[in-house]
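Chemist: Pasting coords_19.txt below, which is compact mmCIF, C-alpha atoms and all ligand atoms.
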# COMPACT_ATOMS: atom_id res chain seq x y z
CA MET A 1 -3.79 -28.20 14.58
CA PRO A 2 -6.75 -27.22 16.79
CA THR A 3 -7.69 -23.59 16.25
CA ASP A 4 -7.97 -23.00 19.98
CA ASP A 5 -4.20 -23.36 20.11
CA ARG A 6 -3.00 -19.86 19.39
CA THR A 7 0.64 -20.49 20.22
CA PRO A 8 1.91 -21.21 16.68
CA TRP A 9 0.28 -18.01 15.49
CA LEU A 10 1.61 -15.63 18.08
CA HIS A 11 4.74 -14.54 16.24
CA LEU A 12 2.79 -14.19 12.96
CA LEU A 13 -0.05 -11.94 14.10
CA PRO A 14 0.23 -8.16 14.39
CA ASP A 15 1.43 -6.97 17.78
CA HIS A 16 0.22 -3.40 17.28
CA PRO A 17 -2.80 -1.82 15.57
CA LEU A 18 -2.52 -1.64 11.78
CA HIS A 19 -4.00 1.40 10.05
CA PHE A 20 -5.29 1.61 6.50
CA ASP A 21 -6.24 5.03 5.25
CA ASP A 22 -9.12 5.93 2.93
CA ARG A 23 -6.93 5.62 -0.14
CA PHE A 24 -6.12 1.96 0.56
CA LEU A 25 -7.81 -0.24 -2.07
CA TRP A 26 -9.75 -3.14 -0.59
CA GLY A 27 -10.77 -5.69 -3.18
CA VAL A 28 -11.48 -9.30 -3.93
CA ALA A 29 -10.03 -11.34 -6.78
CA SER A 30 -11.47 -14.14 -8.87
CA SER A 31 -11.10 -15.72 -12.27
CA ALA A 32 -13.68 -16.47 -14.93
CA PHE A 33 -13.33 -20.22 -15.27
CA GLN A 34 -12.90 -20.85 -11.54
CA ALA A 35 -16.11 -18.98 -10.74
CA GLU A 36 -18.23 -19.47 -13.86
CA GLY A 37 -17.28 -23.06 -14.67
CA GLY A 38 -19.66 -24.75 -17.05
CA ALA A 39 -19.34 -26.64 -20.32
CA VAL A 40 -17.26 -23.99 -22.08
CA PRO A 41 -15.07 -25.12 -25.00
CA ASN A 42 -11.71 -24.73 -23.24
CA ASP A 43 -8.68 -26.90 -22.50
CA TRP A 44 -9.55 -27.50 -18.81
CA VAL A 45 -13.01 -28.78 -19.67
CA ALA A 46 -11.42 -31.08 -22.24
CA ALA A 47 -8.87 -32.26 -19.65
CA ALA A 48 -11.69 -32.92 -17.18
CA ARG A 49 -13.47 -35.02 -19.82
CA ASP A 50 -10.28 -37.06 -20.09
CA GLY A 51 -10.21 -37.48 -16.30
CA ARG A 52 -6.96 -35.53 -15.93
CA VAL A 53 -8.37 -32.70 -13.78
CA PRO A 54 -11.58 -32.38 -11.74
CA ALA A 55 -14.79 -31.27 -13.44
CA ASN A 56 -15.97 -27.71 -12.80
CA PRO A 57 -19.67 -26.98 -12.39
CA GLY A 58 -18.77 -23.43 -11.28
CA ASN A 59 -20.15 -21.46 -8.37
CA GLY A 60 -22.86 -19.69 -10.36
CA PHE A 61 -21.06 -16.37 -10.89
CA TRP A 62 -22.03 -16.16 -14.58
CA GLU A 63 -25.68 -15.95 -13.55
CA ARG A 64 -25.27 -14.38 -10.11
CA ALA A 65 -22.58 -11.73 -10.59
CA GLU A 66 -25.01 -8.95 -9.63
CA GLU A 67 -25.90 -10.68 -6.38
CA ASP A 68 -22.25 -11.36 -5.56
CA PHE A 69 -21.35 -7.72 -6.18
CA GLY A 70 -24.05 -6.65 -3.74
CA LEU A 71 -22.64 -8.93 -1.05
CA VAL A 72 -19.05 -7.89 -1.64
CA THR A 73 -19.97 -4.20 -1.53
CA SER A 74 -21.86 -4.75 1.71
CA LEU A 75 -18.55 -5.91 3.21
CA GLY A 76 -16.89 -2.62 2.31
CA PHE A 77 -14.80 -3.83 -0.64
CA ARG A 78 -14.64 -1.36 -3.52
CA HIS A 79 -12.70 -3.39 -6.12
CA TYR A 80 -13.45 -6.66 -7.87
CA ARG A 81 -10.86 -8.48 -9.96
CA LEU A 82 -12.43 -10.81 -12.49
CA SER A 83 -11.44 -12.30 -15.81
CA VAL A 84 -12.82 -13.01 -19.23
CA GLU A 85 -13.15 -16.62 -20.34
CA TRP A 86 -11.68 -16.46 -23.83
CA SER A 87 -13.51 -19.62 -24.97
CA ARG A 88 -16.87 -17.97 -24.26
CA VAL A 89 -15.98 -14.85 -26.20
CA GLU A 90 -14.25 -16.54 -29.14
CA PRO A 91 -15.46 -20.16 -29.20
CA ALA A 92 -14.08 -20.70 -32.70
CA PRO A 93 -11.17 -18.89 -34.37
CA GLY A 94 -12.24 -15.40 -35.38
CA ARG A 95 -15.88 -15.96 -34.39
CA PHE A 96 -16.62 -13.58 -31.54
CA ASP A 97 -19.78 -14.27 -29.58
CA ALA A 98 -21.68 -11.01 -29.17
CA ALA A 99 -23.93 -12.37 -26.42
CA ALA A 100 -20.95 -13.44 -24.30
CA LEU A 101 -19.34 -10.03 -24.72
CA ASP A 102 -22.63 -8.38 -23.81
CA ARG A 103 -22.70 -10.40 -20.61
CA TYR A 104 -19.18 -9.30 -19.69
CA ARG A 105 -20.16 -5.70 -20.41
CA ALA A 106 -23.20 -6.13 -18.17
CA ILE A 107 -21.00 -7.66 -15.47
CA CYS A 108 -18.65 -4.65 -15.54
CA ASP A 109 -21.61 -2.27 -15.47
CA ALA A 110 -23.17 -4.16 -12.58
CA ALA A 111 -19.91 -3.94 -10.65
CA HIS A 112 -19.91 -0.15 -11.08
CA ALA A 113 -23.58 0.05 -10.16
CA ALA A 114 -22.84 -1.82 -6.94
CA GLY A 115 -19.98 0.55 -6.12
CA LEU A 116 -17.14 -1.74 -7.23
CA THR A 117 -14.35 -0.96 -9.67
CA PRO A 118 -13.86 -3.93 -12.00
CA TRP A 119 -10.29 -5.05 -12.78
CA VAL A 120 -10.47 -7.19 -15.89
CA ASN A 121 -7.89 -9.85 -16.60
CA LEU A 122 -7.73 -11.39 -20.07
CA PHE A 123 -5.98 -14.69 -19.44
CA HIS A 124 -6.22 -16.83 -16.32
CA PHE A 125 -4.83 -20.27 -17.19
CA THR A 126 -7.52 -21.41 -19.67
CA HIS A 127 -7.37 -21.41 -23.46
CA PRO A 128 -10.12 -22.07 -25.98
CA LEU A 129 -9.73 -25.64 -27.13
CA TRP A 130 -9.09 -24.53 -30.72
CA PHE A 131 -6.18 -22.39 -29.52
CA ALA A 132 -4.78 -25.13 -27.28
CA GLU A 133 -4.98 -27.63 -30.14
CA ARG A 134 -2.92 -25.31 -32.31
CA GLY A 135 -0.19 -25.36 -29.69
CA GLY A 136 -1.16 -22.38 -27.50
CA PHE A 137 1.42 -19.72 -26.64
CA LEU A 138 4.30 -22.11 -27.27
CA ASP A 139 3.91 -21.66 -31.01
CA ARG A 140 4.79 -18.10 -31.93
CA ASN A 141 2.51 -18.26 -34.95
CA ASN A 142 -0.40 -18.31 -32.52
CA HIS A 143 0.45 -15.08 -30.73
CA GLY A 144 -1.47 -12.97 -33.22
CA ALA A 145 -4.69 -14.81 -32.35
CA PHE A 146 -4.29 -14.04 -28.65
CA LEU A 147 -3.51 -10.40 -29.37
CA ARG A 148 -6.52 -10.13 -31.67
CA TYR A 149 -8.66 -11.37 -28.76
CA VAL A 150 -7.00 -8.86 -26.39
CA GLU A 151 -7.76 -6.06 -28.81
CA HIS A 152 -11.32 -7.16 -29.48
CA VAL A 153 -12.20 -7.52 -25.80
CA GLY A 154 -10.26 -4.40 -24.85
CA ARG A 155 -12.25 -2.33 -27.33
CA ALA A 156 -15.54 -3.90 -26.26
CA LEU A 157 -14.96 -3.47 -22.53
CA ALA A 158 -12.83 -0.33 -22.25
CA PRO A 159 -15.86 1.92 -21.94
CA HIS A 160 -17.11 -0.33 -19.13
CA ALA A 161 -13.87 -1.04 -17.27
CA ARG A 162 -10.76 1.08 -16.81
CA HIS A 163 -8.38 -1.42 -15.21
CA PHE A 164 -6.93 -4.36 -17.08
CA HIS A 165 -4.44 -7.19 -16.82
CA VAL A 166 -3.15 -9.06 -19.87
CA GLN A 167 -2.40 -12.27 -17.96
CA ASN A 168 -2.57 -13.77 -14.50
CA GLU A 169 0.65 -15.20 -13.09
CA SER A 170 2.28 -15.82 -16.45
CA LEU A 171 5.30 -17.47 -14.86
CA ALA A 172 3.25 -19.67 -12.53
CA TYR A 173 1.35 -20.73 -15.65
CA VAL A 174 4.60 -21.70 -17.32
CA PHE A 175 5.77 -23.44 -14.14
CA GLY A 176 2.65 -25.59 -13.75
CA ALA A 177 1.78 -26.23 -17.39
CA TYR A 178 5.21 -26.41 -19.10
CA LEU A 179 7.85 -27.20 -16.48
CA LEU A 180 6.07 -29.48 -14.00
CA GLY A 181 3.54 -30.49 -16.64
CA VAL A 182 0.70 -30.90 -14.14
CA ASN A 183 -1.76 -28.52 -15.85
CA PRO A 184 -2.94 -28.39 -19.46
CA PRO A 185 -1.20 -28.83 -21.86
CA PHE A 186 0.77 -31.13 -19.48
CA ILE A 187 4.22 -30.50 -20.95
CA ALA A 188 7.19 -31.14 -18.66
CA SER A 189 10.14 -29.72 -20.56
CA ARG A 190 12.80 -27.28 -19.52
CA ASP A 191 13.22 -26.09 -23.11
CA ALA A 192 9.50 -25.51 -23.51
CA ALA A 193 9.39 -23.65 -20.18
CA LEU A 194 12.23 -21.36 -21.25
CA ALA A 195 10.65 -20.66 -24.64
CA MET A 196 7.32 -20.02 -22.93
CA THR A 197 8.93 -17.60 -20.48
CA ARG A 198 10.08 -15.44 -23.34
CA HIS A 199 6.68 -15.72 -25.01
CA VAL A 200 4.53 -14.78 -22.03
CA LEU A 201 6.74 -11.78 -21.33
CA ALA A 202 6.52 -10.66 -24.96
CA LEU A 203 2.75 -11.19 -24.93
CA HIS A 204 2.45 -9.08 -21.82
CA ALA A 205 4.33 -6.26 -23.52
CA ASP A 206 2.26 -6.57 -26.70
CA GLY A 207 -1.02 -6.73 -24.76
CA TYR A 208 0.01 -3.71 -22.69
CA GLY A 209 0.68 -1.75 -25.88
CA ILE A 210 -2.64 -2.76 -27.44
CA LEU A 211 -4.67 -1.79 -24.38
CA LYS A 212 -2.85 1.53 -24.07
CA SER A 213 -3.44 2.25 -27.75
CA ILE A 214 -7.17 1.72 -27.18
CA ASP A 215 -7.05 4.28 -24.40
CA PRO A 216 -3.86 5.60 -22.82
CA ASP A 217 -5.78 6.32 -19.62
CA LEU A 218 -6.51 2.65 -18.93
CA THR A 219 -4.58 1.17 -16.04
CA VAL A 220 -2.75 -1.96 -17.14
CA ALA A 221 -1.13 -3.99 -14.39
CA THR A 222 0.88 -7.19 -14.29
CA ILE A 223 -0.10 -10.03 -11.96
CA GLU A 224 2.57 -12.44 -10.75
CA VAL A 225 2.66 -14.71 -7.75
CA TYR A 226 5.72 -14.27 -5.57
CA LEU A 227 7.37 -17.62 -4.90
CA ASP A 228 9.53 -17.19 -1.85
CA LEU A 229 12.06 -19.92 -2.66
CA ARG A 230 14.00 -21.41 0.23
CA PRO A 231 16.59 -24.18 0.44
CA GLU A 232 15.54 -27.36 2.21
CA ASP A 233 18.51 -26.96 4.52
CA PRO A 234 18.46 -23.45 6.09
CA ALA A 235 22.26 -23.61 6.35
CA ASP A 236 22.35 -23.35 2.53
CA ALA A 237 20.72 -19.92 2.45
CA GLY A 238 22.04 -18.01 -0.54
CA GLN A 239 24.19 -20.89 -1.75
CA CYS A 240 21.72 -23.51 -2.81
CA ALA A 241 22.19 -23.94 -6.57
CA ALA A 242 18.68 -25.29 -7.14
CA VAL A 243 17.10 -22.31 -5.39
CA ASN A 244 19.33 -19.79 -7.12
CA HIS A 245 18.68 -21.35 -10.48
CA LEU A 246 14.92 -21.42 -10.09
CA ASP A 247 14.85 -17.93 -8.65
CA ALA A 248 17.02 -16.53 -11.46
CA TRP A 249 14.59 -17.94 -14.01
CA TYR A 250 11.46 -16.91 -12.16
CA HIS A 251 11.85 -13.60 -10.34
CA GLY A 252 15.23 -12.73 -11.76
CA ALA A 253 14.20 -12.87 -15.40
CA LEU A 254 10.78 -11.38 -14.77
CA LEU A 255 11.92 -8.36 -12.78
CA GLU A 256 14.87 -7.64 -15.03
CA ALA A 257 12.68 -7.89 -18.13
CA LEU A 258 10.12 -5.46 -16.74
CA ALA A 259 12.82 -3.05 -15.61
CA SER A 260 15.07 -3.15 -18.67
CA GLY A 261 13.30 -4.91 -21.55
CA TRP A 262 16.03 -7.59 -21.60
CA VAL A 263 14.98 -11.21 -21.27
CA ARG A 264 17.89 -13.22 -19.89
CA LEU A 265 17.38 -16.94 -19.51
CA ALA A 266 19.97 -19.58 -18.71
CA GLY A 267 21.38 -21.19 -21.81
CA ARG A 268 19.65 -18.82 -24.23
CA ALA A 269 20.94 -15.74 -25.95
CA PRO A 270 19.69 -12.59 -24.21
CA GLU A 271 16.89 -10.96 -26.15
CA GLU A 272 15.77 -7.38 -25.95
CA ILE A 273 12.03 -6.78 -26.14
CA PRO A 274 12.19 -3.00 -25.86
CA HIS A 275 8.50 -2.41 -25.23
CA LEU A 276 8.63 -4.68 -22.16
CA LYS A 277 10.59 -2.04 -20.31
CA GLY A 278 8.18 -0.26 -18.02
CA ALA A 279 5.13 -2.02 -19.51
CA LEU A 280 3.20 -1.78 -16.26
CA ASP A 281 1.24 0.91 -14.45
CA LEU A 282 1.06 -1.20 -11.33
CA TYR A 283 2.74 -4.40 -10.23
CA GLY A 284 0.11 -6.94 -9.18
CA PHE A 285 1.65 -9.02 -6.42
CA ASN A 286 0.08 -12.34 -5.41
CA TYR A 287 1.34 -14.23 -2.40
CA TYR A 288 0.36 -17.43 -0.65
CA SER A 289 3.34 -19.19 0.92
CA ALA A 290 7.02 -20.02 0.61
CA ILE A 291 8.48 -22.91 -1.36
CA ARG A 292 11.14 -25.33 -0.18
CA VAL A 293 13.54 -26.59 -2.83
CA GLY A 294 16.04 -29.37 -2.30
CA PRO A 295 17.05 -32.95 -2.95
CA ASN A 296 13.55 -34.06 -2.05
CA GLY A 297 12.00 -31.88 -4.75
CA VAL A 298 9.76 -28.89 -4.29
CA GLY A 299 7.36 -28.53 -1.34
CA SER A 300 5.99 -26.12 1.21
CA PHE A 301 8.56 -24.29 3.30
CA ALA A 302 7.97 -24.19 7.06
CA GLU A 303 9.96 -21.70 9.04
CA ARG A 304 9.20 -23.53 12.26
CA ALA A 305 8.00 -27.03 13.01
CA ASP A 306 4.78 -25.67 14.49
CA ALA A 307 3.93 -23.41 11.52
CA PRO A 308 0.15 -23.45 10.86
CA VAL A 309 -0.66 -25.44 7.72
CA ASP A 310 -3.67 -25.07 5.42
CA VAL A 311 -5.70 -27.86 3.81
CA MET A 312 -3.44 -27.85 0.75
CA GLY A 313 -0.42 -28.53 2.96
CA ARG A 314 0.99 -25.01 2.68
CA HIS A 315 2.67 -23.69 5.80
CA LEU A 316 2.10 -20.11 6.77
CA PHE A 317 5.05 -17.83 6.15
CA PRO A 318 3.91 -14.19 5.88
CA GLY A 319 7.55 -13.12 6.04
CA GLY A 320 7.80 -14.13 2.39
CA MET A 321 5.22 -11.54 1.51
CA GLU A 322 7.19 -8.82 3.24
CA SER A 323 10.50 -9.75 1.63
CA GLY A 324 8.83 -10.20 -1.77
CA LEU A 325 7.27 -6.75 -1.61
CA LEU A 326 10.62 -5.24 -0.68
CA ARG A 327 12.33 -7.05 -3.53
CA VAL A 328 9.81 -6.02 -6.18
CA ALA A 329 9.90 -2.40 -4.96
CA ALA A 330 13.70 -2.37 -5.19
CA ALA A 331 13.69 -3.89 -8.68
CA LEU A 332 11.00 -1.59 -10.06
CA PRO A 333 11.46 1.78 -8.38
CA GLY A 334 8.53 4.12 -8.83
CA VAL A 335 6.08 1.35 -9.74
CA PRO A 336 3.22 1.12 -7.24
CA ILE A 337 2.35 -2.36 -6.00
CA LEU A 338 -1.09 -3.83 -5.47
CA VAL A 339 -1.57 -7.11 -3.64
CA THR A 340 -3.78 -8.71 -6.27
CA GLU A 341 -4.24 -12.03 -4.43
CA ASN A 342 -3.77 -13.44 -0.97
CA GLY A 343 -5.90 -15.99 0.83
CA CYS A 344 -5.95 -19.55 2.06
CA PRO A 345 -7.75 -22.82 1.49
CA THR A 346 -9.50 -23.82 4.68
CA MET A 347 -12.81 -24.88 6.19
CA ASP A 348 -11.86 -23.16 9.42
CA GLU A 349 -12.85 -19.51 9.76
CA THR A 350 -10.54 -18.77 12.67
CA PHE A 351 -7.68 -20.01 10.53
CA ARG A 352 -8.75 -17.77 7.61
CA ILE A 353 -9.08 -14.69 9.80
CA ARG A 354 -5.68 -15.22 11.36
CA TYR A 355 -4.15 -15.90 7.95
CA ILE A 356 -5.47 -12.59 6.63
CA ALA A 357 -4.37 -10.71 9.76
CA ALA A 358 -0.87 -12.21 9.56
CA HIS A 359 -0.51 -11.16 5.91
CA LEU A 360 -1.91 -7.68 6.48
CA ALA A 361 0.74 -7.34 9.18
CA ALA A 362 3.42 -8.36 6.65
CA LEU A 363 2.02 -5.88 4.13
CA GLU A 364 2.11 -3.12 6.71
CA ARG A 365 5.72 -3.95 7.64
CA ALA A 366 6.64 -3.54 3.98
CA GLN A 367 4.77 -0.22 3.85
CA ARG A 368 6.63 1.02 6.90
CA GLN A 369 9.87 0.22 5.09
CA GLY A 370 8.79 2.51 2.27
CA VAL A 371 7.10 0.11 -0.17
CA ASP A 372 4.26 1.77 -2.04
CA VAL A 373 1.55 -0.89 -1.54
CA ARG A 374 -1.75 0.55 -2.70
CA GLY A 375 -4.17 -2.14 -1.60
CA TYR A 376 -5.11 -5.70 -0.77
CA PHE A 377 -7.32 -7.94 -2.90
CA HIS A 378 -8.44 -11.07 -1.15
CA TRP A 379 -8.57 -14.36 -3.03
CA THR A 380 -11.49 -14.94 -3.23
CA ALA A 381 -15.09 -13.72 -2.85
CA VAL A 382 -17.21 -16.85 -3.31
CA ASP A 383 -15.73 -20.36 -2.94
CA ASN A 384 -14.65 -21.57 -6.37
CA TYR A 385 -12.95 -24.27 -8.40
CA GLU A 386 -9.42 -24.73 -7.13
CA TRP A 387 -7.82 -26.28 -10.23
CA GLN A 388 -6.30 -29.65 -9.21
CA GLN A 389 -8.41 -29.69 -6.04
CA GLY A 390 -11.68 -28.91 -7.80
CA PHE A 391 -14.46 -28.18 -5.32
CA SER A 392 -13.12 -29.70 -2.14
CA GLN A 393 -12.11 -28.56 1.30
CA ALA A 394 -9.72 -26.14 -0.41
CA ARG A 395 -12.15 -23.27 0.00
CA PHE A 396 -10.70 -19.82 -0.39
CA GLY A 397 -13.91 -17.79 -0.23
CA LEU A 398 -15.16 -15.23 2.25
CA ILE A 399 -18.56 -16.35 1.02
CA GLY A 400 -19.81 -19.92 0.81
CA PHE A 401 -22.53 -21.29 -1.41
CA ASP A 402 -24.93 -24.20 -1.42
CA PRO A 403 -24.12 -26.34 -4.47
CA SER A 404 -27.70 -27.52 -4.85
CA THR A 405 -29.33 -24.07 -4.80
CA GLY A 406 -26.40 -21.72 -5.42
CA ALA A 407 -27.49 -19.70 -2.36
CA ARG A 408 -24.68 -17.57 -0.93
CA GLU A 409 -23.74 -17.31 2.74
CA LEU A 410 -21.31 -14.90 4.36
CA LYS A 411 -18.66 -16.64 6.41
CA ALA A 412 -17.26 -15.35 9.71
CA SER A 413 -14.19 -14.06 7.86
CA ALA A 414 -16.44 -11.91 5.66
CA THR A 415 -18.07 -10.12 8.56
CA TRP A 416 -14.68 -9.81 10.24
CA MET A 417 -13.28 -8.15 7.11
CA ARG A 418 -16.28 -5.82 7.06
CA ARG A 419 -15.30 -4.57 10.52
CA VAL A 420 -11.63 -4.14 9.59
CA ILE A 421 -12.43 -2.25 6.38
CA ALA A 422 -15.02 -0.04 8.04
CA ALA A 423 -12.65 0.87 10.86
CA GLY A 424 -9.55 1.17 8.63
CA ARG A 425 -7.85 -0.46 11.55
CA LEU A 426 -6.89 -3.91 12.71
CA ALA A 427 -5.93 -4.24 16.34
CA PRO A 428 -4.42 -7.36 17.92
CA ALA A 429 -7.52 -7.68 20.09
CA ASP A 430 -9.69 -8.01 16.96
CA ILE A 431 -8.10 -11.34 16.09
CA PRO A 432 -9.62 -14.54 17.49
C1 LIG B 501 -4.14 -18.38 -8.82
C2 LIG B 501 -5.56 -18.79 -8.56
C3 LIG B 501 -5.63 -19.89 -7.51
C4 LIG B 501 -4.95 -19.39 -6.26
C5 LIG B 501 -5.02 -20.34 -5.09
C6 LIG B 501 -3.30 -18.30 -7.58
O1 LIG B 501 -1.98 -18.57 -7.82
O2 LIG B 501 -4.13 -17.18 -9.54
O3 LIG B 501 -6.15 -19.18 -9.75
O4 LIG B 501 -6.94 -20.30 -7.25
O5 LIG B 501 -3.61 -19.18 -6.57
O6 LIG B 501 -4.28 -21.49 -5.28
Taking this structure as input, can you express it in the form of structure tokens?
Modeler:
Amino acid sequence: MPTDDRTPWLHLLPDHPLHFDDRFLWGVASSAFQAEGGAVPNDWVAAARDGRVPANPGNGFWERAEEDFGLVTSLGFRHYRLSVEWSRVEPAPGRFDAAALDRYRAICDAAHAAGLTPWVNLFHFTHPLWFAERGGFLDRNNHGAFLRYVEHVGRALAPHARHFHVQNESLAYVFGAYLLGVNPPFIASRDAALAMTRHVLALHADGYGILKSIDPDLTVATIEVYLDLRPEDPADAGQCAAVNHLDAWYHGALLEALASGWVRLAGRAPEEIPHLKGALDLYGFNYYSAIRVGPNGVGSFAERADAPVDVMGRHLFPGGMESGLLRVAAALPGVPILVTENGCPTMDETFRIRYIAAHLAALERAQRQGVDVRGYFHWTAVDNYEWQQGFSQARFGLIGFDPSTGARELKASATWMRRVIAAGRLAPADIP
């Protein structure tokens, strides 16, 4: 779709000025492995060696974090979500690498020095190889090792960071790695996915408790991606068994577990994990697009035939963000929500700007309906490794980099965001 054709965007873009007050949290989000890359001893590097996923040279963040923080601050962002690569910190069982921890401490300190609040996530899809080889989260006997790492890193970083996440998108992790089997450890099993669902929820609750016991004043937030599930045939709305089934497992189980402590999964006896109830200070809400489910499998949902589509084949549907925010707010009354990721893979800056504007409009609609959305973290700052896509045209960054020199360059979307954040206002006329 040529970007000069604005028609498909018209109904998606804001039709009135959006206002964001001084309390609104503007941030960017990233993950350790996607940004740092390198020959770390983790399961994705091993899978790349086996040719099952692309190799990841990284974007240089490990060395250039200070420079990136300077750029991000110059755009007006005040929050930076990052993660810790477990395999750097604990390359062998029980052997914690002091130099790696020092670097993460320095990264948190540098964020503060630049004027950014770091939000530190402890698991973003990668496991140390030794942990993966033992069977990862699927084997309950391994949970203690993960929680020991959470405690060790929590204690080391808590004086340097005040905002934590135990895991990123635990259910999307289960979906990709244990149900579809497309990500390490490449298991496609309904039983494994159900067992894993229980485990990641329990690990969240345990990790929350550990971090709070280190310091009750730490903020500990969940992060889950909202999958707006839609039937292939719109006439089936509400009655499509495949959609209802998937949704009951994914959002249904998750939201009920966080609200009540009860984990209810199809075909399994309900289990109460009492400390899951209310184990969140904030709900981290990620959103990208809606998912079509039907006889032809799972794909991207398009509301209209002319819906703009990104380079990963995902159609724009900001309405899913609005309805997802409303749903989470209704399920977890009193829990503030933070959009912890939203962004799009594209080489086209007009597309990226419009994508952001369309989703900020959806966010604002949810706010006007009473949802307590505290901020918006853009995925991502600097172009990074997009899992199955590797380093390709699937570029999510506001900032590009030259792979031969590592030199950073602000994209048009970055300077556009700088204007929006500075003004606290986004008017229709500001959108190309
Ligand atoms: C994940 C990121 C990923 C992004 C874009 C999110 O679901 O947390 O790791 O890069 O989606 O696909």
Chemist: At what distance in Å, to one decimal, does atom CA of Leu82 of chain A lie from atom CA of Ala32 of chain A?
Modeler: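 So the two atoms, atom CA of Ala32 of chain A and atom CA of Leu82 of chain A, lie 6.3 Å apart.
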Chemist: Mind checking which residues fall within 8 Å of Pro8 of chain A, counting only C-alpha atoms, ignoring those fewer than 6 positions away in the same chain, and posting them as an MDAnalysis selection string?
Modeler: chainID A and resid 306:308
Chemist: Counting only C-alpha atoms and all ligand atoms, what are the residues, protein, DNA or RNA alike, that approach ligand LIG 501 (chain B) to within 8 Å? I want them as a list of chain:residue names.
Modeler: A:Ser30, A:Ser31, A:Gln34, A:His124, A:Phe125, A:Asn168, A:Glu169, A:Ala172, A:Val225, A:Asn286, A:Tyr287, A:Tyr288, A:Glu341, A:Gly343, A:Cys344, A:Pro345, A:Trp379, A:Asn384, A:Tyr385, A:Glu386, A:Trp387, A:Phe396
Chemist: Compare A:Met312, A:Leu171, A:Val293, A:Leu18 by their minimum atom-to-atom distance to Thr197 of chain A, counting only C-alpha atoms, and give me the closest one.
Modeler: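 The shortest atom-to-atom distance to Thr197 of chain A comes from A:Leu171.
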Chemist: Using all atoms listed in the file, find the one residue out of A:Phe377, A:Phe301, A:Tyr208, A:Phe351 that sits nearest to Ala279 of chain A.
Modeler: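 Of the candidates, the smallest distance to Ala279 of chain A is held by A:Tyr208.
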Chemist: To one decimal place in Å, what is the distance between atom CA of Gly60 of chain A and atom CA of Glu36 of chain A?
Modeler: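 Distance between the two atoms: 5.8 Å.
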Chemist: Give me the residues within 12 Å of Arg368 of chain A as a PyMOL selection string, counting only C-alpha atoms and dropping any in the same chain fewer than 4 places off.
Modeler: chain A and resi 18-20+322+325-326+361-364+372-373
Chemist: Just the residues within 8 Å of Val243 of chain A, please, counting all atoms listed in the file, with nothing from its chain fewer than 6 positions along; format it as a list in words.
Modeler: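 Listing them by chain and then by number gives Leu229, Arg230, Pro231, Val293 and Gly294 of chain A.
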Chemist: Tell me, as a PyMOL selection string, which residues lie within 10 Å of Gly70 of chain A, counting all atoms listed in the file; anything in the same chain fewer than 5 positions away does not count.
Modeler: chain A and resi 65+75+110-111+113-116
Chemist: One decimal, in Å: what's the spacing between atom CA of His275 of chain A and atom CA of Leu203 of chain A?
Modeler: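 For atom CA of His275 of chain A relative to atom CA of Leu203 of chain A, the distance reads 10.5 Å.
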Chemist: For Val40 of chain A, which of A:Thr415, A:Ser74, A:Ser392, A:Ser87 is the closest residue, counting only C-alpha atoms?
Modeler: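 Result for the nearest residue to Val40 of chain A: A:Ser87.
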Chemist: Need the shell around segment 51-53 of chain A: protein/DNA/RNA residues with any atom at most 10 Å away, counting all atoms listed in the file. Skip same-chain ones fewer than 2 positions apart. Format as a ChimeraX atom specification?
Modeler: /A:44-49,55-56,182-184,186,387-390
Chemist: For each of A:Glu63, A:Glu133, A:Asp22, A:Asp348, take the minimum atom-to-atom distance to Arg374 of chain A, counting all atoms listed in the file, then give the residue where this is smallest.
Modeler: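 Under the stated criterion, the closest residue is A:Asp22.
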Chemist: Could you check the closest approach to Gly58 of chain A for each of A:Ser189, A:Asn121, A:Asp383, A:Arg395 and tell me which residue wins, using all atoms listed in the file?
Modeler: A:Asp383
Chemist: Tell me which of A:Ile187, A:Ala366, A:Leu280, A:Val166 sits closest to Leu147 of chain A, counting all atoms listed in the file.
Modeler: A:Val166
